[in-house]
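Structure, as structure tokens:
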Amino acid sequence: MGLKIFVDFDGTITRQDVGDSLFFRFGGEKCRELVNKELGGEVSTVECFRGEAEAMGRFNVADVDAFIDEQEIDETFRAFVGYCGANGFPLMVLSDGFDYYIRRILRRHELPDVPFLSNVLSLVDRKENGTARARVSFPQHNEECTCCASCKRNMMLTTCAESDVICYIGEGSSDRCPVRYADIVFAKDALQVHCQRENISYYPYRSFDDILRRLRELTARPHLRHRRRAELNRRRAFSEEA
Ligand SMILES: [Mg+2]
């Protein structure tokens, strides 16, 4: 039985939602309108992201990179990655954000080897004056689901064996689905409220330091257990896919 750890990126590893703030900064009011429509269920997340990339238009790549480089992360995340590595707990970042900034931020914080799965943002139509446009694509999209652009549930379940104990760490709306399938849940902010409402047992946290301490306690016990309801949800997901 192995412990596998899955972590949301925006707002969990980073202090703020980098995707949202990037689109708001470079795509303006149109992006706020799209996000409101998405929250109201008028457009899907994929449609929202396509519209936001379009709204960015032609931009200066160096400005976008400088904006990304200003983004702060939870400074205890690096020690947490070290703890997982030292104890043989595979850690993977699952994001409904974009590879372009995730890769850049992880590299800048000397964490280039942390694996992640996410949506893809490519720079296209680059000009010599240093400008480009953004093109987005969704390799992890689940056609049968409209709640997210990249399906965290599928990314998580396809990389786990039945015996694995799944730990999920998150904070926002794209984490609501995956926590249903996780044995150990760490939640803060909106996800904490969601877990309370849905009766999903969770540990509150403020930083990765809190999570590290709790995992130390949990893994010191003789057996890590599956959460009964998560196990049933996983079985149901697999039988639906079959
Ligand atoms: Mg998030």
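Chain labels follow the order of the structure tokens: the first chain is A, the next B, and so on; residue numbering restarts at 1 in every chain, and ligands are counted from 1 in their shown order.
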
I'd like a table as a Markdown table: residues in chain A with an atom no more than 7 Å from ligand 1, each row giving the shortest atom pair and its distance in Å to one decimal, only C-alpha atoms and all ligand atoms counted, sorted by chain and rising residue number.
```
| residue | atom | partner | partner_atom_place_in_ligand_line | distance |
| --- | --- | --- | --- | --- |
| A:Asp8 | CA | ligand 1 | 1 (Mg) | 5.5 |
| A:Phe9 | CA | ligand 1 | 1 (Mg) | 5.6 |
| A:Asp10 | CA | ligand 1 | 1 (Mg) | 4.0 |
| A:Gly11 | CA | ligand 1 | 1 (Mg) | 4.6 |
| A:Thr12 | CA | ligand 1 | 1 (Mg) | 5.7 |
| A:Asp17 | CA | ligand 1 | 1 (Mg) | 6.4 |
| A:Gly170 | CA | ligand 1 | 1 (Mg) | 6.3 |
| A:Glu171 | CA | ligand 1 | 1 (Mg) | 5.5 |
| A:Gly172 | CA | ligand 1 | 1 (Mg) | 4.8 |
| A:Ser174 | CA | ligand 1 | 1 (Mg) | 6.5 |
```

Go ahead and save the picked residues with N, CA, C and O atoms, as an mmCIF file, in the first residue's frame.
```
data_model
loop_
_atom_site.group_PDB
_atom_site.id
_atom_site.type_symbol
_atom_site.label_atom_id
_atom_site.label_comp_id
_atom_site.auth_asym_id
_atom_site.auth_seq_id
_atom_site.Cartn_x
_atom_site.Cartn_y
_atom_site.Cartn_z
ATOM 1 N N ASP A 8 -3.097 20.638 -5.818
ATOM 2 C CA ASP A 8 -3.561 21.710 -6.695
ATOM 3 C C ASP A 8 -2.441 22.755 -6.823
ATOM 4 O O ASP A 8 -1.587 22.862 -5.928
ATOM 5 N N PHE A 9 -2.430 23.538 -7.895
ATOM 6 C CA PHE A 9 -1.357 24.529 -8.060
ATOM 7 C C PHE A 9 -1.798 25.946 -7.658
ATOM 8 O O PHE A 9 -1.323 26.499 -6.685
ATOM 9 N N ASP A 10 -2.751 26.508 -8.423
ATOM 10 C CA ASP A 10 -3.143 27.920 -8.220
ATOM 11 C C ASP A 10 -3.842 28.123 -6.883
ATOM 12 O O ASP A 10 -4.891 27.519 -6.629
ATOM 13 N N GLY A 11 -3.280 28.972 -6.035
ATOM 14 C CA GLY A 11 -3.914 29.260 -4.749
ATOM 15 C C GLY A 11 -3.539 28.256 -3.670
ATOM 16 O O GLY A 11 -3.835 28.474 -2.498
ATOM 17 N N THR A 12 -2.921 27.135 -4.071
ATOM 18 C CA THR A 12 -2.495 26.133 -3.090
ATOM 19 C C THR A 12 -0.975 26.185 -2.966
ATOM 20 O O THR A 12 -0.445 26.426 -1.881
ATOM 21 N N ASP A 17 -4.363 32.923 -7.399
ATOM 22 C CA ASP A 17 -4.657 32.183 -8.616
ATOM 23 C C ASP A 17 -3.927 32.860 -9.776
ATOM 24 O O ASP A 17 -4.330 33.928 -10.240
ATOM 25 N N GLY A 170 -5.906 20.880 -1.609
ATOM 26 C CA GLY A 170 -6.430 21.926 -2.487
ATOM 27 C C GLY A 170 -7.128 23.046 -1.744
ATOM 28 O O GLY A 170 -7.102 23.120 -0.504
ATOM 29 N N GLU A 171 -7.768 23.920 -2.518
ATOM 30 C CA GLU A 171 -8.440 25.084 -1.922
ATOM 31 C C GLU A 171 -9.665 25.592 -2.679
ATOM 32 O O GLU A 171 -10.456 26.340 -2.130
ATOM 33 N N GLY A 172 -9.819 25.254 -3.959
ATOM 34 C CA GLY A 172 -10.838 25.971 -4.740
ATOM 35 C C GLY A 172 -11.801 25.084 -5.496
ATOM 36 O O GLY A 172 -11.921 23.886 -5.228
ATOM 37 N N SER A 174 -11.886 23.830 -8.553
ATOM 38 C CA SER A 174 -11.449 22.675 -9.349
ATOM 39 C C SER A 174 -11.040 21.497 -8.462
ATOM 40 O O SER A 174 -10.718 20.421 -8.956
#
```

Point to revise | Polymer residues at most 9 Å from Asn142 in chain A, only C-alpha atoms, same-chain spacing of 4 or more positions, as an NGL selection string | key: :A and (146 or 148-151 or 154)

Save the residues we just selected, all heavy atoms, as a PDB file, in the first residue's frame?
```
ATOM      1  N   THR A 146     -18.388  18.732 -17.670  1.00  0.00           N
ATOM      2  CA  THR A 146     -18.232  20.152 -18.020  1.00  0.00           C
ATOM      3  C   THR A 146     -17.653  20.963 -16.861  1.00  0.00           C
ATOM      4  O   THR A 146     -17.440  22.158 -16.994  1.00  0.00           O
ATOM      5  CB  THR A 146     -19.593  20.776 -18.388  1.00  0.00           C
ATOM      6  OG1 THR A 146     -20.489  20.532 -17.288  1.00  0.00           O
ATOM      7  CG2 THR A 146     -20.153  20.202 -19.669  1.00  0.00           C
ATOM      8  N   CYS A 148     -14.682  21.001 -15.291  1.00  0.00           N
ATOM      9  CA  CYS A 148     -13.302  21.500 -15.367  1.00  0.00           C
ATOM     10  C   CYS A 148     -12.773  21.337 -16.790  1.00  0.00           C
ATOM     11  O   CYS A 148     -13.321  20.575 -17.573  1.00  0.00           O
ATOM     12  CB  CYS A 148     -12.388  20.720 -14.427  1.00  0.00           C
ATOM     13  SG  CYS A 148     -12.886  20.805 -12.713  1.00  0.00           S
ATOM     14  N   ALA A 149     -11.671  22.031 -17.089  1.00  0.00           N
ATOM     15  CA  ALA A 149     -11.038  21.847 -18.394  1.00  0.00           C
ATOM     16  C   ALA A 149     -10.126  20.622 -18.353  1.00  0.00           C
ATOM     17  O   ALA A 149     -10.080  19.832 -19.289  1.00  0.00           O
ATOM     18  CB  ALA A 149     -10.258  23.098 -18.779  1.00  0.00           C
ATOM     19  N   SER A 150      -9.395  20.453 -17.250  1.00  0.00           N
ATOM     20  CA  SER A 150      -8.576  19.235 -17.120  1.00  0.00           C
ATOM     21  C   SER A 150      -9.178  18.401 -16.000  1.00  0.00           C
ATOM     22  O   SER A 150      -9.503  18.923 -14.931  1.00  0.00           O
ATOM     23  CB  SER A 150      -7.116  19.580 -16.840  1.00  0.00           C
ATOM     24  OG  SER A 150      -6.954  20.061 -15.535  1.00  0.00           O
ATOM     25  N   CYS A 151      -9.356  17.103 -16.266  1.00  0.00           N
ATOM     26  CA  CYS A 151     -10.094  16.252 -15.326  1.00  0.00           C
ATOM     27  C   CYS A 151      -9.151  15.703 -14.248  1.00  0.00           C
ATOM     28  O   CYS A 151      -8.430  14.738 -14.475  1.00  0.00           O
ATOM     29  CB  CYS A 151     -10.773  15.115 -16.079  1.00  0.00           C
ATOM     30  SG  CYS A 151     -11.728  14.072 -14.977  1.00  0.00           S
ATOM     31  N   ASN A 154      -9.796  11.942 -13.284  1.00  0.00           N
ATOM     32  CA  ASN A 154      -9.198  10.929 -14.166  1.00  0.00           C
ATOM     33  C   ASN A 154      -7.679  10.887 -14.061  1.00  0.00           C
ATOM     34  O   ASN A 154      -7.078   9.817 -14.054  1.00  0.00           O
ATOM     35  CB  ASN A 154      -9.620  11.165 -15.617  1.00  0.00           C
ATOM     36  CG  ASN A 154     -11.068  10.752 -15.841  1.00  0.00           C
ATOM     37  OD1 ASN A 154     -11.735  10.282 -14.914  1.00  0.00           O
ATOM     38  ND2 ASN A 154     -11.553  10.926 -17.058  1.00  0.00           N
TER      39      ASN A 154
END
```

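The environment of Phe77 in chain A within 8 Å, counting only C-alpha atoms and disregarding residues fewer than 2 places along the same chain, consists of Ile13, Ile73, Asp74, Glu75, Ala79, Phe80, Val81, Ser207, Phe208 and Asp209 of chain A.
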
Revision key, fill the gap. The distance between CA of Gln140 in chain A and CA of Asp164 in chain A is 21.7 Å

Exercise for review: Excluding Ala187 in chain A and any residue of its chain fewer than 4 positions from it, enumerate the residues within 8 Å of it, using only C-alpha atoms, and give them as JSON, numbers by chain.
Suggested key: {"A": [169, 170, 171, 191, 192, 195, 202, 203, 204, 205]}

For the selection you just gave me, I'd like the residues written to a file as a PDB file, in the first residue's frame, keeping N, CA, C and O atoms.
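Result file selection04.pdb:
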```
ATOM      1  N   ILE A 169      -4.601  17.680  -1.832  1.00  0.00           N
ATOM      2  CA  ILE A 169      -4.419  18.981  -1.164  1.00  0.00           C
ATOM      3  C   ILE A 169      -4.933  20.094  -2.079  1.00  0.00           C
ATOM      4  O   ILE A 169      -4.470  20.215  -3.215  1.00  0.00           O
ATOM      5  N   GLY A 170      -5.906  20.880  -1.609  1.00  0.00           N
ATOM      6  CA  GLY A 170      -6.430  21.926  -2.487  1.00  0.00           C
ATOM      7  C   GLY A 170      -7.128  23.046  -1.744  1.00  0.00           C
ATOM      8  O   GLY A 170      -7.102  23.120  -0.504  1.00  0.00           O
ATOM      9  N   GLU A 171      -7.768  23.920  -2.518  1.00  0.00           N
ATOM     10  CA  GLU A 171      -8.440  25.084  -1.922  1.00  0.00           C
ATOM     11  C   GLU A 171      -9.665  25.592  -2.679  1.00  0.00           C
ATOM     12  O   GLU A 171     -10.456  26.340  -2.130  1.00  0.00           O
ATOM     13  N   LEU A 191     -12.598  25.388  -0.430  1.00  0.00           N
ATOM     14  CA  LEU A 191     -12.689  23.919  -0.417  1.00  0.00           C
ATOM     15  C   LEU A 191     -13.049  23.410   0.980  1.00  0.00           C
ATOM     16  O   LEU A 191     -13.765  22.417   1.119  1.00  0.00           O
ATOM     17  N   GLN A 192     -12.582  24.126   1.987  1.00  0.00           N
ATOM     18  CA  GLN A 192     -12.909  23.748   3.365  1.00  0.00           C
ATOM     19  C   GLN A 192     -14.424  23.869   3.590  1.00  0.00           C
ATOM     20  O   GLN A 192     -15.050  22.969   4.147  1.00  0.00           O
ATOM     21  N   CYS A 195     -16.160  21.012   1.775  1.00  0.00           N
ATOM     22  CA  CYS A 195     -16.040  19.723   2.475  1.00  0.00           C
ATOM     23  C   CYS A 195     -16.997  19.658   3.662  1.00  0.00           C
ATOM     24  O   CYS A 195     -17.617  18.623   3.915  1.00  0.00           O
ATOM     25  N   TYR A 202     -11.881  16.069   6.363  1.00  0.00           N
ATOM     26  CA  TYR A 202     -10.688  16.752   5.845  1.00  0.00           C
ATOM     27  C   TYR A 202      -9.875  17.290   7.009  1.00  0.00           C
ATOM     28  O   TYR A 202     -10.382  17.405   8.131  1.00  0.00           O
ATOM     29  N   TYR A 203      -8.623  17.626   6.715  1.00  0.00           N
ATOM     30  CA  TYR A 203      -7.784  18.334   7.673  1.00  0.00           C
ATOM     31  C   TYR A 203      -7.624  19.770   7.182  1.00  0.00           C
ATOM     32  O   TYR A 203      -7.263  19.974   6.014  1.00  0.00           O
ATOM     33  N   PRO A 204      -7.886  20.750   8.035  1.00  0.00           N
ATOM     34  CA  PRO A 204      -7.634  22.134   7.616  1.00  0.00           C
ATOM     35  C   PRO A 204      -6.132  22.405   7.614  1.00  0.00           C
ATOM     36  O   PRO A 204      -5.380  21.735   8.333  1.00  0.00           O
ATOM     37  N   TYR A 205      -5.681  23.341   6.792  1.00  0.00           N
ATOM     38  CA  TYR A 205      -4.270  23.726   6.806  1.00  0.00           C
ATOM     39  C   TYR A 205      -4.146  25.181   6.385  1.00  0.00           C
ATOM     40  O   TYR A 205      -5.060  25.731   5.751  1.00  0.00           O
TER      41      TYR A 205
END
```

Neighbours of range 223-235 of chain A within 8 Å (only C-alpha atoms; same-chain residues fewer than 5 positions away dropped), as a short mmCIF file (atom, residue, chain, number, x, y, z; two decimals) with N, CA, C and O atoms, in the first residue's frame?
```
data_model
loop_
_atom_site.label_atom_id
_atom_site.label_comp_id
_atom_site.auth_asym_id
_atom_site.auth_seq_id
_atom_site.Cartn_x
_atom_site.Cartn_y
_atom_site.Cartn_z
N LEU A 157 -7.00 9.01 -10.75
CA LEU A 157 -7.35 7.59 -10.70
C LEU A 157 -6.54 6.75 -11.68
O LEU A 157 -6.24 5.59 -11.39
N VAL A 165 -3.19 4.67 -1.13
CA VAL A 165 -3.93 5.63 -0.31
C VAL A 165 -3.70 7.00 -0.94
O VAL A 165 -2.56 7.44 -1.09
N ARG A 180 -13.67 13.97 -3.65
CA ARG A 180 -14.65 12.88 -3.46
C ARG A 180 -13.97 11.51 -3.54
O ARG A 180 -14.48 10.52 -3.05
N TYR A 181 -12.81 11.46 -4.23
CA TYR A 181 -12.13 10.19 -4.49
C TYR A 181 -10.87 10.01 -3.65
O TYR A 181 -10.15 9.05 -3.84
N ALA A 182 -10.59 10.97 -2.77
CA ALA A 182 -9.34 10.92 -2.00
C ALA A 182 -9.57 10.40 -0.59
O ALA A 182 -10.59 10.69 0.03
N ASP A 183 -8.60 9.64 -0.09
CA ASP A 183 -8.71 9.07 1.25
C ASP A 183 -8.38 10.09 2.33
O ASP A 183 -8.98 10.13 3.39
N ILE A 184 -7.36 10.90 2.05
CA ILE A 184 -6.94 11.93 3.01
C ILE A 184 -7.04 13.27 2.28
O ILE A 184 -6.43 13.46 1.23
N LEU A 218 0.21 10.81 10.77
CA LEU A 218 -0.62 9.77 10.15
C LEU A 218 0.22 8.58 9.70
O LEU A 218 -0.19 7.43 9.85
#
```

Practice item. Determine the nearest neighbour of Asn60 in chain A from the options A:Asp210, A:Glu162, A:Glu198, A:Glu128, counting only C-alpha atoms. Key: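 Counting only C-alpha atoms, the residue closest to Asn60 in chain A is A:Glu128.
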
Exercise for review: Quick one: everything within 10 Å of Thr45 in chain A, counting only C-alpha atoms, minus sequence neighbours fewer than 4 positions away in the same chain. Send it as a list in words.
Suggested key: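 Returned residues: Leu34, Val35, Lys37, Glu38, Leu39, Gly41, Phe49, Arg50, Gly51, Asp96, Thr146, Cys147, Cys148, Ala149 and Ser150 of chain A.
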
Convert the current residue selection to file output with N, CA, C and O atoms, as an mmCIF file, in the first residue's frame.
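Produced file again-v8.cif, reproduced below:
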```cif
data_model
loop_
_atom_site.group_PDB
_atom_site.id
_atom_site.type_symbol
_atom_site.label_atom_id
_atom_site.label_comp_id
_atom_site.auth_asym_id
_atom_site.auth_seq_id
_atom_site.Cartn_x
_atom_site.Cartn_y
_atom_site.Cartn_z
ATOM 1 N N LEU A 34 -16.108 36.722 -18.625
ATOM 2 C CA LEU A 34 -16.102 35.281 -18.936
ATOM 3 C C LEU A 34 -16.092 34.428 -17.667
ATOM 4 O O LEU A 34 -16.813 33.438 -17.569
ATOM 5 N N VAL A 35 -15.279 34.835 -16.685
ATOM 6 C CA VAL A 35 -15.203 34.071 -15.436
ATOM 7 C C VAL A 35 -16.555 34.118 -14.713
ATOM 8 O O VAL A 35 -17.029 33.102 -14.188
ATOM 9 N N LYS A 37 -19.453 34.422 -16.133
ATOM 10 C CA LYS A 37 -20.344 33.534 -16.892
ATOM 11 C C LYS A 37 -20.068 32.071 -16.568
ATOM 12 O O LYS A 37 -20.977 31.260 -16.477
ATOM 13 N N GLU A 38 -18.788 31.767 -16.406
ATOM 14 C CA GLU A 38 -18.420 30.391 -16.080
ATOM 15 C C GLU A 38 -18.954 30.018 -14.695
ATOM 16 O O GLU A 38 -19.519 28.939 -14.510
ATOM 17 N N LEU A 39 -18.800 30.943 -13.740
ATOM 18 C CA LEU A 39 -19.291 30.680 -12.377
ATOM 19 C C LEU A 39 -20.807 30.506 -12.375
ATOM 20 O O LEU A 39 -21.352 29.716 -11.620
ATOM 21 N N GLY A 41 -22.445 29.204 -14.758
ATOM 22 C CA GLY A 41 -22.797 28.032 -15.558
ATOM 23 C C GLY A 41 -23.220 28.349 -16.983
ATOM 24 O O GLY A 41 -23.724 27.484 -17.704
ATOM 25 N N PHE A 49 -11.717 29.611 -20.909
ATOM 26 C CA PHE A 49 -10.269 29.739 -21.148
ATOM 27 C C PHE A 49 -9.975 30.120 -22.599
ATOM 28 O O PHE A 49 -9.072 30.910 -22.865
ATOM 29 N N ARG A 50 -10.722 29.546 -23.551
ATOM 30 C CA ARG A 50 -10.499 29.909 -24.961
ATOM 31 C C ARG A 50 -10.768 31.398 -25.166
ATOM 32 O O ARG A 50 -10.011 32.089 -25.842
ATOM 33 N N GLY A 51 -11.854 31.869 -24.568
ATOM 34 C CA GLY A 51 -12.218 33.289 -24.679
ATOM 35 C C GLY A 51 -11.177 34.180 -24.025
ATOM 36 O O GLY A 51 -10.841 35.249 -24.543
ATOM 37 N N ASP A 96 -5.893 22.788 -13.050
ATOM 38 C CA ASP A 96 -6.794 23.226 -14.106
ATOM 39 C C ASP A 96 -6.300 24.584 -14.633
ATOM 40 O O ASP A 96 -7.041 25.328 -15.246
ATOM 41 N N THR A 146 -18.388 18.732 -17.670
ATOM 42 C CA THR A 146 -18.232 20.152 -18.020
ATOM 43 C C THR A 146 -17.653 20.963 -16.861
ATOM 44 O O THR A 146 -17.440 22.158 -16.994
ATOM 45 N N CYS A 147 -17.389 20.300 -15.725
ATOM 46 C CA CYS A 147 -17.022 21.107 -14.549
ATOM 47 C C CYS A 147 -15.602 21.674 -14.628
ATOM 48 O O CYS A 147 -15.349 22.736 -14.084
ATOM 49 N N CYS A 148 -14.682 21.001 -15.291
ATOM 50 C CA CYS A 148 -13.302 21.500 -15.367
ATOM 51 C C CYS A 148 -12.773 21.337 -16.790
ATOM 52 O O CYS A 148 -13.321 20.575 -17.573
ATOM 53 N N ALA A 149 -11.671 22.031 -17.089
ATOM 54 C CA ALA A 149 -11.038 21.847 -18.394
ATOM 55 C C ALA A 149 -10.126 20.622 -18.353
ATOM 56 O O ALA A 149 -10.080 19.832 -19.289
ATOM 57 N N SER A 150 -9.395 20.453 -17.250
ATOM 58 C CA SER A 150 -8.576 19.235 -17.120
ATOM 59 C C SER A 150 -9.178 18.401 -16.000
ATOM 60 O O SER A 150 -9.503 18.923 -14.931
#
```

Point to revise | Residue set, range 57-232 of chain A restricted to alpha helix (DSSP H), as an MDAnalysis selection string | key: chainID A and resid 61:69 77:87 99:108 152:158 176:179 189:198 208:220 228:232

Exercise for review: Write out as a PyMOL selection string the residues lying within 9 Å of Phe6 in chain A, counting only C-alpha atoms and excluding same-chain residues fewer than 3 positions away.
Suggested key: chain A and resi 90-94+156+166-170

Write the residues of the preceding selection, restricted to N, CA and C atoms, as a PDB file, in the first residue's frame.
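Below you can see again.pdb, which holds the result:
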```pdb
ATOM      1  N   PRO A  90       5.145   9.453  -3.787  1.00  0.00           N
ATOM      2  CA  PRO A  90       5.107  10.188  -5.053  1.00  0.00           C
ATOM      3  C   PRO A  90       4.160  11.385  -4.955  1.00  0.00           C
ATOM      4  N   LEU A  91       4.634  12.514  -5.452  1.00  0.00           N
ATOM      5  CA  LEU A  91       3.836  13.745  -5.407  1.00  0.00           C
ATOM      6  C   LEU A  91       3.609  14.220  -6.837  1.00  0.00           C
ATOM      7  N   MET A  92       2.382  14.591  -7.140  1.00  0.00           N
ATOM      8  CA  MET A  92       2.095  15.126  -8.469  1.00  0.00           C
ATOM      9  C   MET A  92       1.167  16.328  -8.355  1.00  0.00           C
ATOM     10  N   VAL A  93       1.477  17.372  -9.132  1.00  0.00           N
ATOM     11  CA  VAL A  93       0.625  18.550  -9.171  1.00  0.00           C
ATOM     12  C   VAL A  93      -0.444  18.327 -10.229  1.00  0.00           C
ATOM     13  N   LEU A  94      -1.700  18.510  -9.846  1.00  0.00           N
ATOM     14  CA  LEU A  94      -2.811  18.416 -10.804  1.00  0.00           C
ATOM     15  C   LEU A  94      -3.443  19.794 -10.898  1.00  0.00           C
ATOM     16  N   MET A 156      -5.919  11.522 -11.523  1.00  0.00           N
ATOM     17  CA  MET A 156      -5.589  10.906 -10.247  1.00  0.00           C
ATOM     18  C   MET A 156      -5.828   9.401 -10.289  1.00  0.00           C
ATOM     19  N   ILE A 166      -4.802   7.641  -1.323  1.00  0.00           N
ATOM     20  CA  ILE A 166      -4.707   8.900  -2.067  1.00  0.00           C
ATOM     21  C   ILE A 166      -4.884  10.093  -1.130  1.00  0.00           C
ATOM     22  N   CYS A 167      -3.904  10.985  -1.187  1.00  0.00           N
ATOM     23  CA  CYS A 167      -3.975  12.225  -0.407  1.00  0.00           C
ATOM     24  C   CYS A 167      -4.139  13.381  -1.392  1.00  0.00           C
ATOM     25  N   TYR A 168      -5.120  14.261  -1.147  1.00  0.00           N
ATOM     26  CA  TYR A 168      -5.353  15.392  -2.043  1.00  0.00           C
ATOM     27  C   TYR A 168      -5.298  16.706  -1.253  1.00  0.00           C
ATOM     28  N   ILE A 169      -4.601  17.680  -1.832  1.00  0.00           N
ATOM     29  CA  ILE A 169      -4.419  18.981  -1.164  1.00  0.00           C
ATOM     30  C   ILE A 169      -4.933  20.094  -2.079  1.00  0.00           C
ATOM     31  N   GLY A 170      -5.906  20.880  -1.609  1.00  0.00           N
ATOM     32  CA  GLY A 170      -6.430  21.926  -2.487  1.00  0.00           C
ATOM     33  C   GLY A 170      -7.128  23.046  -1.744  1.00  0.00           C
TER      34      GLY A 170
END
```

Review point. Using only C-alpha atoms, which of A:Val18, A:Ala190, A:Ala55, A:Val124 sits nearest Cys31 in chain A?
Key: A:Ala55

Review point. So how many Å separate CA of Val136 in chain A and CA of Tyr101 in chain A, to one decimal?
Key: 12.7 Å
